[in-house]
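Colleague: Next comes the structure file structure.pdb, holding PDB, C-alpha atoms.
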```
ATOM      1  CA  MET A  22     -36.333 -38.594  15.810
ATOM      2  CA  SER A  23     -32.843 -37.445  16.654
ATOM      3  CA  GLU A  24     -32.182 -33.735  16.805
ATOM      4  CA  SER A  25     -29.739 -32.444  14.222
ATOM      5  CA  LYS A  26     -26.611 -30.770  15.521
ATOM      6  CA  PRO A  27     -26.296 -27.029  14.870
ATOM      7  CA  LEU A  28     -23.585 -25.873  12.534
ATOM      8  CA  ARG A  29     -20.477 -24.501  14.164
ATOM      9  CA  HIS A  30     -20.475 -20.705  14.000
ATOM     10  CA  GLU A  31     -17.268 -20.451  11.985
ATOM     11  CA  GLN A  32     -18.310 -23.175   9.504
ATOM     12  CA  ALA A  33     -21.876 -22.089   8.828
ATOM     13  CA  PRO A  34     -21.154 -19.197   6.413
ATOM     14  CA  ASP A  35     -18.853 -21.294   4.205
ATOM     15  CA  GLN A  36     -21.297 -24.218   4.071
ATOM     16  CA  LEU A  37     -24.227 -21.979   3.238
ATOM     17  CA  LEU A  38     -22.207 -20.102   0.618
ATOM     18  CA  GLY A  39     -21.024 -23.319  -0.983
ATOM     19  CA  ALA A  40     -24.603 -24.556  -1.282
ATOM     20  CA  ALA A  41     -26.473 -21.463  -2.359
ATOM     21  CA  GLY A  42     -23.998 -18.693  -3.059
ATOM     22  CA  ILE A  43     -24.457 -14.937  -2.811
ATOM     23  CA  SER A  44     -26.809 -13.037  -5.041
ATOM     24  CA  VAL A  45     -24.847 -10.632  -7.244
ATOM     25  CA  ASP A  46     -27.897  -8.353  -7.290
ATOM     26  CA  ARG A  47     -27.426  -7.824  -3.555
ATOM     27  CA  MET A  48     -23.869  -6.562  -4.110
ATOM     28  CA  PRO A  49     -24.289  -3.566  -6.458
ATOM     29  CA  MET A  50     -20.784  -2.333  -5.643
ATOM     30  CA  LEU A  51     -19.374  -5.262  -7.625
ATOM     31  CA  HIS A  52     -20.650  -3.718 -10.852
ATOM     32  CA  VAL A  53     -19.042  -0.407  -9.905
ATOM     33  CA  ILE A  54     -15.734  -2.118  -9.061
ATOM     34  CA  PHE A  55     -15.544  -4.132 -12.277
ATOM     35  CA  ASP A  56     -16.616  -1.134 -14.342
ATOM     36  CA  GLN A  57     -13.852   0.961 -12.792
ATOM     37  CA  MET A  58     -11.349  -1.816 -13.428
ATOM     38  CA  THR A  59     -12.421  -1.822 -17.079
ATOM     39  CA  ASN A  60     -11.660   1.892 -17.347
ATOM     40  CA  LEU A  61      -8.314   1.543 -15.561
ATOM     41  CA  CYS A  62      -7.230  -1.294 -17.849
ATOM     42  CA  ALA A  63      -8.044   0.799 -20.907
ATOM     43  CA  GLU A  64      -6.214   3.795 -19.429
ATOM     44  CA  SER A  65      -3.081   1.782 -18.604
ATOM     45  CA  LEU A  66      -2.741   0.649 -22.235
ATOM     46  CA  ARG A  67      -3.645   3.927 -23.902
ATOM     47  CA  SER A  68      -0.027   5.055 -24.184
ATOM     48  CA  MET A  69       1.273   1.568 -24.975
ATOM     49  CA  SER A  70      -0.407   0.901 -28.312
ATOM     50  CA  PRO A  71      -0.346   2.989 -31.510
ATOM     51  CA  SER A  72      -3.830   1.678 -32.366
ATOM     52  CA  GLN A  73      -6.926   2.355 -30.323
ATOM     53  CA  SER A  74      -8.389  -0.380 -28.176
ATOM     54  CA  TYR A  75     -11.719  -0.437 -26.379
ATOM     55  CA  PHE A  76     -12.564  -2.224 -23.146
ATOM     56  CA  SER A  77     -16.168  -2.836 -22.098
ATOM     57  CA  LEU A  78     -17.719  -4.733 -19.199
ATOM     58  CA  THR A  79     -20.076  -7.273 -20.777
ATOM     59  CA  GLY A  80     -21.377  -9.138 -17.748
ATOM     60  CA  VAL A  81     -21.209  -9.862 -14.038
ATOM     61  CA  GLY A  82     -22.714 -13.083 -12.759
ATOM     62  CA  SER A  83     -22.408 -16.083 -10.501
ATOM     63  CA  ASP A  84     -21.883 -19.766 -11.252
ATOM     64  CA  ARG A  85     -20.121 -22.831  -9.957
ATOM     65  CA  LEU A  86     -16.349 -22.645 -10.261
ATOM     66  CA  SER A  87     -16.255 -25.813 -12.361
ATOM     67  CA  GLU A  88     -18.718 -24.386 -14.904
ATOM     68  CA  ILE A  89     -16.746 -21.153 -15.254
ATOM     69  CA  LEU A  90     -13.390 -22.853 -15.766
ATOM     70  CA  ASP A  91     -14.704 -25.576 -18.087
ATOM     71  CA  SER A  92     -15.844 -22.939 -20.568
ATOM     72  CA  TYR A  93     -12.214 -21.822 -21.036
ATOM     73  CA  GLU A  94     -10.491 -25.225 -21.060
ATOM     74  CA  SER A  95      -7.370 -25.152 -23.282
ATOM     75  CA  GLU A  96      -8.364 -21.737 -24.609
ATOM     76  CA  ALA A  97      -7.051 -19.319 -21.981
ATOM     77  CA  ILE A  98      -4.124 -18.140 -19.901
ATOM     78  CA  VAL A  99      -5.024 -17.594 -16.244
ATOM     79  CA  ALA A 100      -3.160 -15.915 -13.375
ATOM     80  CA  VAL A 101      -3.659 -16.930  -9.753
ATOM     81  CA  PHE A 102      -3.497 -14.002  -7.309
ATOM     82  CA  TYR A 103      -3.306 -14.334  -3.535
ATOM     83  CA  ALA A 104      -5.112 -11.709  -1.433
ATOM     84  CA  GLN A 105      -3.553 -11.817   2.020
ATOM     85  CA  ALA A 106      -6.143  -9.469   3.515
ATOM     86  CA  TRP A 107      -8.866 -11.919   2.441
ATOM     87  CA  ASP A 108      -6.786 -15.084   2.937
ATOM     88  CA  GLY A 109      -8.032 -16.285  -0.418
ATOM     89  CA  ARG A 110      -7.191 -16.508  -4.096
ATOM     90  CA  ILE A 111      -8.772 -15.015  -7.189
ATOM     91  CA  LEU A 112      -8.277 -15.501 -10.919
ATOM     92  CA  ILE A 113      -7.739 -13.131 -13.816
ATOM     93  CA  GLY A 114      -7.733 -14.787 -17.221
ATOM     94  CA  PHE A 115      -7.396 -13.987 -20.927
ATOM     95  CA  ASP A 116      -8.942 -16.110 -23.626
ATOM     96  CA  ARG A 117      -6.937 -16.998 -26.729
ATOM     97  CA  ASP A 118      -8.379 -14.177 -28.866
ATOM     98  CA  PHE A 119      -7.605 -11.634 -26.134
ATOM     99  CA  VAL A 120      -3.937 -12.695 -26.067
ATOM    100  CA  TYR A 121      -3.614 -12.619 -29.869
ATOM    101  CA  THR A 122      -5.268  -9.189 -30.042
ATOM    102  CA  MET A 123      -3.076  -7.680 -27.307
ATOM    103  CA  VAL A 124       0.140  -8.983 -28.902
ATOM    104  CA  GLU A 125      -0.810  -7.354 -32.209
ATOM    105  CA  LEU A 126      -1.803  -4.093 -30.521
ATOM    106  CA  LEU A 127       1.355  -3.838 -28.414
ATOM    107  CA  PHE A 128       3.766  -4.757 -31.208
ATOM    108  CA  GLY A 129       2.321  -2.278 -33.699
ATOM    109  CA  ALA A 130       0.324  -4.458 -36.087
ATOM    110  CA  ASP A 131      -2.062  -2.651 -38.434
ATOM    111  CA  GLY A 132      -4.712  -5.372 -38.707
ATOM    112  CA  ALA A 133      -3.893  -6.189 -42.325
ATOM    113  CA  GLU A 134      -3.146  -9.819 -41.518
ATOM    114  CA  PRO A 135      -6.144 -12.099 -40.879
ATOM    115  CA  PRO A 136      -6.631 -12.973 -37.193
ATOM    116  CA  LEU A 137      -5.312 -16.283 -35.905
ATOM    117  CA  ASP A 138      -8.086 -18.781 -35.321
ATOM    118  CA  MET A 139      -6.305 -22.110 -34.948
ATOM    119  CA  PRO A 140      -5.646 -23.608 -31.505
ATOM    120  CA  ARG A 141      -1.995 -24.081 -30.625
ATOM    121  CA  VAL A 142       0.369 -23.889 -27.671
ATOM    122  CA  PHE A 143       0.974 -20.289 -26.553
ATOM    123  CA  SER A 144       4.414 -18.984 -27.526
ATOM    124  CA  ASN A 145       6.937 -17.622 -25.016
ATOM    125  CA  VAL A 146       6.316 -14.058 -26.217
ATOM    126  CA  GLU A 147       2.566 -14.492 -25.742
ATOM    127  CA  LEU A 148       3.090 -15.881 -22.238
ATOM    128  CA  HIS A 149       5.414 -12.996 -21.329
ATOM    129  CA  VAL A 150       2.930 -10.443 -22.672
ATOM    130  CA  ALA A 151       0.134 -12.081 -20.680
ATOM    131  CA  GLU A 152       2.196 -12.101 -17.475
ATOM    132  CA  ALA A 153       3.097  -8.421 -17.871
ATOM    133  CA  LEU A 154      -0.575  -7.556 -18.422
ATOM    134  CA  PHE A 155      -1.643  -9.644 -15.426
ATOM    135  CA  GLU A 156       0.617  -7.539 -13.215
ATOM    136  CA  ARG A 157      -0.895  -4.310 -14.574
ATOM    137  CA  PHE A 158      -4.496  -5.480 -14.421
ATOM    138  CA  GLY A 159      -4.024  -6.922 -10.938
ATOM    139  CA  LYS A 160      -3.083  -3.435  -9.729
ATOM    140  CA  ALA A 161      -6.137  -2.052 -11.543
ATOM    141  CA  LEU A 162      -8.360  -4.481  -9.630
ATOM    142  CA  GLU A 163      -6.624  -3.518  -6.370
ATOM    143  CA  SER A 164      -7.386   0.132  -6.994
ATOM    144  CA  SER A 165     -10.986  -0.638  -7.925
ATOM    145  CA  PHE A 166     -11.583  -2.628  -4.729
ATOM    146  CA  SER A 167     -10.229   0.207  -2.560
ATOM    147  CA  ARG A 168     -13.795   1.487  -2.076
ATOM    148  CA  ALA A 169     -14.712  -1.712  -0.270
ATOM    149  CA  SER A 170     -11.457  -3.198   1.023
ATOM    150  CA  ASP A 171      -7.775  -2.400   1.388
ATOM    151  CA  VAL A 172      -6.278  -5.391  -0.390
ATOM    152  CA  LYS A 173      -3.230  -6.259  -2.452
ATOM    153  CA  PHE A 174      -3.178  -9.009  -5.057
ATOM    154  CA  ASN A 175       0.127 -10.870  -5.277
ATOM    155  CA  LEU A 176       0.683 -12.775  -8.519
ATOM    156  CA  GLU A 177       1.513 -16.375  -7.586
ATOM    157  CA  ARG A 178       1.649 -18.175 -10.916
ATOM    158  CA  VAL A 179       0.346 -18.282 -14.479
ATOM    159  CA  GLU A 180      -1.372 -21.408 -15.825
ATOM    160  CA  THR A 181      -2.788 -22.630 -19.127
ATOM    161  CA  ARG A 182      -4.408 -25.749 -17.619
ATOM    162  CA  MET A 183      -7.730 -25.099 -15.928
ATOM    163  CA  ASP A 184      -7.421 -28.214 -13.763
ATOM    164  CA  TYR A 185      -4.387 -26.640 -12.046
ATOM    165  CA  LEU A 186      -6.423 -23.706 -10.740
ATOM    166  CA  ALA A 187      -7.262 -24.924  -7.230
ATOM    167  CA  ILE A 188      -8.687 -21.806  -5.583
ATOM    168  CA  GLY A 189     -11.595 -23.642  -3.945
ATOM    169  CA  ARG A 190     -13.872 -26.613  -4.338
ATOM    170  CA  LEU A 191     -15.064 -26.897  -7.903
ATOM    171  CA  ASN A 192     -18.711 -27.244  -6.841
ATOM    172  CA  ASN A 193     -18.582 -24.004  -4.823
ATOM    173  CA  MET A 194     -20.035 -20.809  -6.217
ATOM    174  CA  ALA A 195     -17.969 -17.922  -7.563
ATOM    175  CA  VAL A 196     -18.600 -14.454  -8.944
ATOM    176  CA  TYR A 197     -17.290 -13.774 -12.436
ATOM    177  CA  ALA A 198     -16.919 -10.675 -14.570
ATOM    178  CA  LYS A 199     -16.298 -10.612 -18.319
ATOM    179  CA  ILE A 200     -14.543  -7.723 -20.066
ATOM    180  CA  LEU A 201     -14.397  -7.443 -23.844
ATOM    181  CA  VAL A 202     -11.425  -5.858 -25.628
ATOM    182  CA  GLN A 203     -11.711  -4.683 -29.243
ATOM    183  CA  GLY A 204      -9.026  -3.388 -31.569
ATOM    184  CA  LEU A 205      -7.812  -3.824 -35.148
ATOM    185  CA  ASP A 206     -11.265  -5.195 -36.087
ATOM    186  CA  ARG A 207     -10.831  -8.142 -33.727
ATOM    187  CA  GLY A 208     -11.211  -8.761 -30.044
ATOM    188  CA  GLY A 209     -11.129 -11.120 -27.112
ATOM    189  CA  GLU A 210     -12.300 -11.579 -23.550
ATOM    190  CA  MET A 211     -10.775 -11.069 -20.129
ATOM    191  CA  PHE A 212     -12.458 -12.642 -17.109
ATOM    192  CA  ILE A 213     -12.178 -12.305 -13.331
ATOM    193  CA  VAL A 214     -13.243 -15.072 -10.941
ATOM    194  CA  ILE A 215     -13.685 -14.552  -7.182
ATOM    195  CA  PRO A 216     -15.059 -17.340  -4.946
ATOM    196  CA  HIS A 217     -18.098 -16.432  -2.857
ATOM    197  CA  SER A 218     -16.304 -17.527   0.303
ATOM    198  CA  VAL A 219     -13.714 -14.795  -0.345
ATOM    199  CA  LEU A 220     -16.380 -12.119  -0.802
ATOM    200  CA  ASN A 221     -18.445 -13.181   2.203
ATOM    201  CA  PRO A 222     -16.704 -10.826   4.704
ATOM    202  CA  LEU A 223     -17.210  -7.928   2.239
ATOM    203  CA  ARG A 224     -20.946  -8.389   1.744
ATOM    204  CA  GLN A 225     -21.891  -5.341   3.798
ATOM    205  CA  ALA A 226     -19.457  -3.064   1.964
ATOM    206  CA  LEU A 227     -20.465  -4.485  -1.425
ATOM    207  CA  SER A 228     -24.168  -4.043  -0.688
ATOM    208  CA  GLN A 229     -23.835  -0.255  -0.647
ATOM    209  CA  ILE A 230     -25.660   1.622  -3.361
ATOM    210  CA  VAL A 231     -23.514   4.279  -4.979
ATOM    211  CA  SER A 232     -25.360   7.529  -5.389
ATOM    212  CA  GLY A 233     -24.949   9.604  -8.521
ATOM    213  CA  GLU A 234     -22.588  12.550  -8.659
ATOM    214  CA  SER A 235     -23.911  16.004  -7.976
ATOM    215  CA  VAL A 236     -24.906  17.930 -11.075
ATOM    216  CA  SER A 237     -23.275  21.090  -9.760
ATOM    217  CA  THR A 238     -19.900  21.755  -8.193
ATOM    218  CA  ASP A 239     -18.754  24.346  -5.707
ATOM    219  CA  PRO A 240     -16.255  26.628  -7.524
ATOM    220  CA  ASN A 241     -14.625  27.691  -4.262
ATOM    221  CA  TRP A 242     -14.103  24.078  -3.235
ATOM    222  CA  SER A 243     -12.687  23.224  -6.688
ATOM    223  CA  LYS A 244     -10.276  26.156  -6.476
ATOM    224  CA  GLN A 245      -9.163  25.140  -2.989
ATOM    225  CA  LEU A 246      -8.642  21.538  -4.107
ATOM    226  CA  HIS A 247      -6.593  22.701  -7.099
ATOM    227  CA  ASN A 248      -4.408  24.915  -4.887
ATOM    228  CA  GLU A 249      -3.809  22.153  -2.359
ATOM    229  CA  ILE A 250      -2.870  19.672  -5.089
ATOM    230  CA  GLN A 251      -0.353  22.153  -6.496
ATOM    231  CA  ARG A 252       1.226  22.443  -3.031
ATOM    232  CA  THR A 253       1.416  18.708  -2.417
ATOM    233  CA  GLU A 254       4.956  17.485  -1.818
ATOM    234  CA  VAL A 255       6.110  14.413  -3.715
ATOM    235  CA  VAL A 256       9.327  12.427  -3.477
ATOM    236  CA  LEU A 257      11.442  12.103  -6.618
ATOM    237  CA  LYS A 258      14.014   9.328  -6.963
ATOM    238  CA  ALA A 259      16.962   9.483  -9.367
ATOM    239  CA  VAL A 260      18.315   6.074 -10.422
ATOM    240  CA  LEU A 261      21.744   6.017 -12.051
ATOM    241  CA  GLU A 262      22.090   2.240 -12.402
ATOM    242  CA  GLU A 263      20.558  -0.964 -11.094
ATOM    243  CA  ARG A 264      22.455  -4.208 -10.566
ATOM    244  CA  SER A 265      21.451  -7.719  -9.531
ATOM    245  CA  LEU A 266      23.550  -9.148  -6.699
ATOM    246  CA  THR A 267      23.392 -12.384  -4.777
ATOM    247  CA  LEU A 268      22.699 -12.349  -1.060
ATOM    248  CA  GLY A 269      26.210 -13.704  -0.527
ATOM    249  CA  GLU A 270      27.717 -10.722  -2.360
ATOM    250  CA  VAL A 271      25.680  -8.272  -0.298
ATOM    251  CA  ALA A 272      26.638 -10.062   2.929
ATOM    252  CA  GLY A 273      30.293  -9.663   1.942
ATOM    253  CA  PHE A 274      30.160  -5.862   1.756
ATOM    254  CA  HIS A 275      32.640  -4.099   4.033
ATOM    255  CA  VAL A 276      33.570  -0.549   4.947
ATOM    256  CA  GLY A 277      35.788   1.013   2.291
ATOM    257  CA  GLN A 278      34.779  -1.396  -0.452
ATOM    258  CA  VAL A 279      34.388   0.161  -3.900
ATOM    259  CA  ILE A 280      31.437  -1.052  -5.996
ATOM    260  CA  LYS A 281      32.104  -0.510  -9.686
ATOM    261  CA  LEU A 282      29.294   0.730 -11.916
ATOM    262  CA  ASN A 283      28.942   0.479 -15.657
ATOM    263  CA  ALA A 284      27.590   4.026 -15.795
ATOM    264  CA  THR A 285      29.625   6.774 -17.455
ATOM    265  CA  PRO A 286      29.344  10.586 -17.256
ATOM    266  CA  SER A 287      27.080  10.432 -20.331
ATOM    267  CA  THR A 288      24.719   7.794 -18.890
ATOM    268  CA  LEU A 289      21.183   9.098 -18.516
ATOM    269  CA  VAL A 290      19.615   9.028 -15.057
ATOM    270  CA  ARG A 291      16.068   7.729 -14.617
ATOM    271  CA  LEU A 292      13.770  10.058 -12.654
ATOM    272  CA  GLU A 293      10.896   8.298 -10.835
ATOM    273  CA  CYS A 294       7.968   9.201  -8.608
ATOM    274  CA  ASN A 295       5.923   6.528  -6.818
ATOM    275  CA  ASP A 296       7.742   3.855  -8.876
ATOM    276  CA  GLN A 297       6.538   5.497 -12.102
ATOM    277  CA  ARG A 298       9.205   6.461 -14.629
ATOM    278  CA  LEU A 299       8.869  10.114 -15.613
ATOM    279  CA  PHE A 300      11.978  11.391 -17.395
ATOM    280  CA  TRP A 301      15.523  10.543 -18.474
ATOM    281  CA  CYS A 302      17.982  13.165 -17.260
ATOM    282  CA  GLN A 303      21.618  14.203 -17.653
ATOM    283  CA  MET A 304      23.508  14.409 -14.374
ATOM    284  CA  GLY A 305      25.809  17.317 -13.660
ATOM    285  CA  GLN A 306      26.797  19.837 -11.004
ATOM    286  CA  LEU A 307      25.401  23.264 -10.233
ATOM    287  CA  ASN A 308      26.582  25.528  -7.430
ATOM    288  CA  GLY A 309      28.486  22.714  -5.793
ATOM    289  CA  VAL A 310      25.651  20.175  -5.722
ATOM    290  CA  TYR A 311      24.514  17.402  -8.030
ATOM    291  CA  SER A 312      21.863  18.449 -10.533
ATOM    292  CA  LEU A 313      19.681  16.808 -13.188
ATOM    293  CA  GLN A 314      18.759  18.250 -16.561
ATOM    294  CA  VAL A 315      15.650  16.704 -18.141
ATOM    295  CA  LYS A 316      16.472  15.318 -21.577
ATOM    296  CA  GLU A 317      13.414  13.312 -22.631
ATOM    297  CA  SER A 318      10.190  11.815 -21.339
ATOM    298  CA  ALA A 319      10.127   8.135 -20.410
ATOM    299  CA  ASP A 320       8.744   6.019 -23.258
ATOM    300  CA  GLN A 321       6.428   3.689 -21.340
ATOM    301  CA  LYS A 322       5.515   1.677 -24.411
ATOM    302  CA  ARG A 323       9.124   1.055 -25.428
ATOM    303  CA  GLU A 324      10.145   0.117 -21.895
ATOM    304  CA  PHE A 325       7.111  -2.185 -21.549
ATOM    305  CA  ILE A 326       8.037  -4.059 -24.734
ATOM    306  CA  ASP A 327      11.731  -4.205 -23.764
ATOM    307  CA  GLY A 328      10.734  -5.626 -20.383
ATOM    308  CA  ILE A 329       8.713  -8.382 -22.066
ATOM    309  CA  LEU A 330      11.459  -9.317 -24.516
ATOM    310  CA  SER A 331      14.109  -9.412 -21.776
ATOM    311  CA  ARG A 332      12.216 -11.985 -19.670
TER     312      ARG A 332
END
```
Represent the supplied structure as structure tokens.
Modeller:
Amino acid sequence: MSESKPLRHEQAPDQLLGAAGISVDRMPMLHVIFDQMTNLCAESLRSMSPSQSYFSLTGVGSDRLSEILDSYESEAIVAVFYAQAWDGRILIGFDRDFVYTMVELLFGADGAEPPLDMPRVFSNVELHVAEALFERFGKALESSFSRASDVKFNLERVETRMDYLAIGRLNNMAVYAKILVQGLDRGGEMFIVIPHSVLNPLRQALSQIVSGESVSTDPNWSKQLHNEIQRTEVVLKAVLEERSLTLGEVAGFHVGQVIKLNATPSTLVRLECNDQRLFWCQMGQLNGVYSLQVKESADQKREFIDGILSR
């Protein structure tokens, strides 16, 4: 009887994972990560909708990629994210009811109209809303994974056809999480899909068991933390105007050239910190230097909707 050849070291993990997969029960940190993402998604939309919405993690499991995607065929919008640190791709998707519910919540519906239940092609507004939410929820997943891995998810494309989602062999195993959203007496489902081969290098970090928080806190430590936070220096950025230019126009810049702006002395200046819009300000002068007077807080909901409609 001929002796079988041993698997190459670099191929063995992927072949074993494709055949048997990883047990979700052996990666308790996954539940913590997806639960935190659920909370962050709810928090990011709290100021965007006049009606309350509730997000809840309904399940974390493992199945073949083909089985997961087949269950959403023609009934979902899915975003493909590339994780460079993992050299792999993951999916975040919204089913049809999730998209309908979010559109009504964001555009101020009161739930008086009956929910849509007929299948149809997604409208441009619905696709733009989904894409904007994918960008927000991708950052929420990034933040949630920071306990186990420093990773950034770059949105590559948005698809409505499940057969276009080639993030691995369809018979390979993948971890999935399902998150339910409820609002206006209706709801829908968001799902996250991560191939086992992508999670394989993180198994040790994901196998950690998170201990519960201490029932008591040190008042001196809390006071010190509060004082240090108050002393933390942050960088503020004032933006008077933004313009889109071609690379050719930028390459043609020369010393002494005057770039005309559409801004006027009454134009409000946007004040930002860490790319988050904080206030709209009036620019002026005080004691020989430029100064800003805060006029109003940034309306995140209004700007979010305007950004969708301008796409």
Colleague: Running the PyMOL selection byres ((chain A and resi 86-88) around 12) on this model by hand, what would come out? Give it as a PDB file with C-alpha atoms, in the frame of the given file.
Modeller:
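Saved to selection-v2.pdb:
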```
ATOM      1  CA  GLY A  39     -21.024 -23.319  -0.983  1.00  0.00           C
ATOM      2  CA  GLY A  42     -23.998 -18.693  -3.059  1.00  0.00           C
ATOM      3  CA  GLY A  82     -22.714 -13.083 -12.759  1.00  0.00           C
ATOM      4  CA  SER A  83     -22.408 -16.083 -10.501  1.00  0.00           C
ATOM      5  CA  ASP A  84     -21.883 -19.766 -11.252  1.00  0.00           C
ATOM      6  CA  ARG A  85     -20.121 -22.831  -9.957  1.00  0.00           C
ATOM      7  CA  ILE A  89     -16.746 -21.153 -15.254  1.00  0.00           C
ATOM      8  CA  LEU A  90     -13.390 -22.853 -15.766  1.00  0.00           C
ATOM      9  CA  ASP A  91     -14.704 -25.576 -18.087  1.00  0.00           C
ATOM     10  CA  SER A  92     -15.844 -22.939 -20.568  1.00  0.00           C
ATOM     11  CA  TYR A  93     -12.214 -21.822 -21.036  1.00  0.00           C
ATOM     12  CA  GLU A  94     -10.491 -25.225 -21.060  1.00  0.00           C
ATOM     13  CA  ILE A 111      -8.772 -15.015  -7.189  1.00  0.00           C
ATOM     14  CA  LEU A 112      -8.277 -15.501 -10.919  1.00  0.00           C
ATOM     15  CA  MET A 183      -7.730 -25.099 -15.928  1.00  0.00           C
ATOM     16  CA  ASP A 184      -7.421 -28.214 -13.763  1.00  0.00           C
ATOM     17  CA  TYR A 185      -4.387 -26.640 -12.046  1.00  0.00           C
ATOM     18  CA  LEU A 186      -6.423 -23.706 -10.740  1.00  0.00           C
ATOM     19  CA  ALA A 187      -7.262 -24.924  -7.230  1.00  0.00           C
ATOM     20  CA  ILE A 188      -8.687 -21.806  -5.583  1.00  0.00           C
ATOM     21  CA  GLY A 189     -11.595 -23.642  -3.945  1.00  0.00           C
ATOM     22  CA  ARG A 190     -13.872 -26.613  -4.338  1.00  0.00           C
ATOM     23  CA  LEU A 191     -15.064 -26.897  -7.903  1.00  0.00           C
ATOM     24  CA  ASN A 192     -18.711 -27.244  -6.841  1.00  0.00           C
ATOM     25  CA  ASN A 193     -18.582 -24.004  -4.823  1.00  0.00           C
ATOM     26  CA  MET A 194     -20.035 -20.809  -6.217  1.00  0.00           C
ATOM     27  CA  ALA A 195     -17.969 -17.922  -7.563  1.00  0.00           C
ATOM     28  CA  VAL A 196     -18.600 -14.454  -8.944  1.00  0.00           C
ATOM     29  CA  TYR A 197     -17.290 -13.774 -12.436  1.00  0.00           C
ATOM     30  CA  ILE A 213     -12.178 -12.305 -13.331  1.00  0.00           C
ATOM     31  CA  VAL A 214     -13.243 -15.072 -10.941  1.00  0.00           C
ATOM     32  CA  ILE A 215     -13.685 -14.552  -7.182  1.00  0.00           C
ATOM     33  CA  PRO A 216     -15.059 -17.340  -4.946  1.00  0.00           C
ATOM     34  CA  HIS A 217     -18.098 -16.432  -2.857  1.00  0.00           C
ATOM     35  CA  SER A 218     -16.304 -17.527   0.303  1.00  0.00           C
TER      36      SER A 218
END
```
Colleague: Once 8 Å is added on each side, what are the centre and the three edge lengths, in Å to one decimal, of the axis-aligned box enclosing the listed atoms of segment 276-283 of chain A? Present them as AutoDock Vina command-line options.
Modeller:
```
--center_x 32.4 --center_y -0.2 --center_z -5.4 --size_x 22.8 --size_y 18.4 --size_z 36.6
```
Colleague: Care to translate the PyMOL selection byres ((chain A and resi 209-212) around 9) into actual residues of this file, as a VMD selection string?
Modeller: chain A and resid 99 112 to 123 197 to 203 207 to 208 213 to 214
Colleague: Could you pull the residues within 12 Å of segment 246-260 of chain A, counting only C-alpha atoms, minus those fewer than 3 positions along the same chain, as number ranges by chain?
Modeller: A: 238-243, 263-264, 284, 288-304, 311-315
Colleague: If I take atom CA of Tyr103 of chain A and atom CA of Phe155 of chain A, how far is one from the other in Å, to one decimal?
Modeller: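 Value for the atom CA of Tyr103 of chain A-atom CA of Phe155 of chain A distance: 12.9 Å.
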Colleague: Using all atoms listed in the file, pick whichever of A:Gly269, A:Pro49, A:Gly204, A:Gly109 has the shortest atom-to-atom distance to Phe174 of chain A.
Modeller: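 Using all atoms listed in the file, the shortest distance to Phe174 of chain A belongs to A:Gly109.
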Colleague: One number please: atom CA of Val172 of chain A to atom CA of Phe76 of chain A, in Å, one decimal.
Modeller: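 Atom CA of Phe76 of chain A lies 23.8 Å from atom CA of Val172 of chain A.
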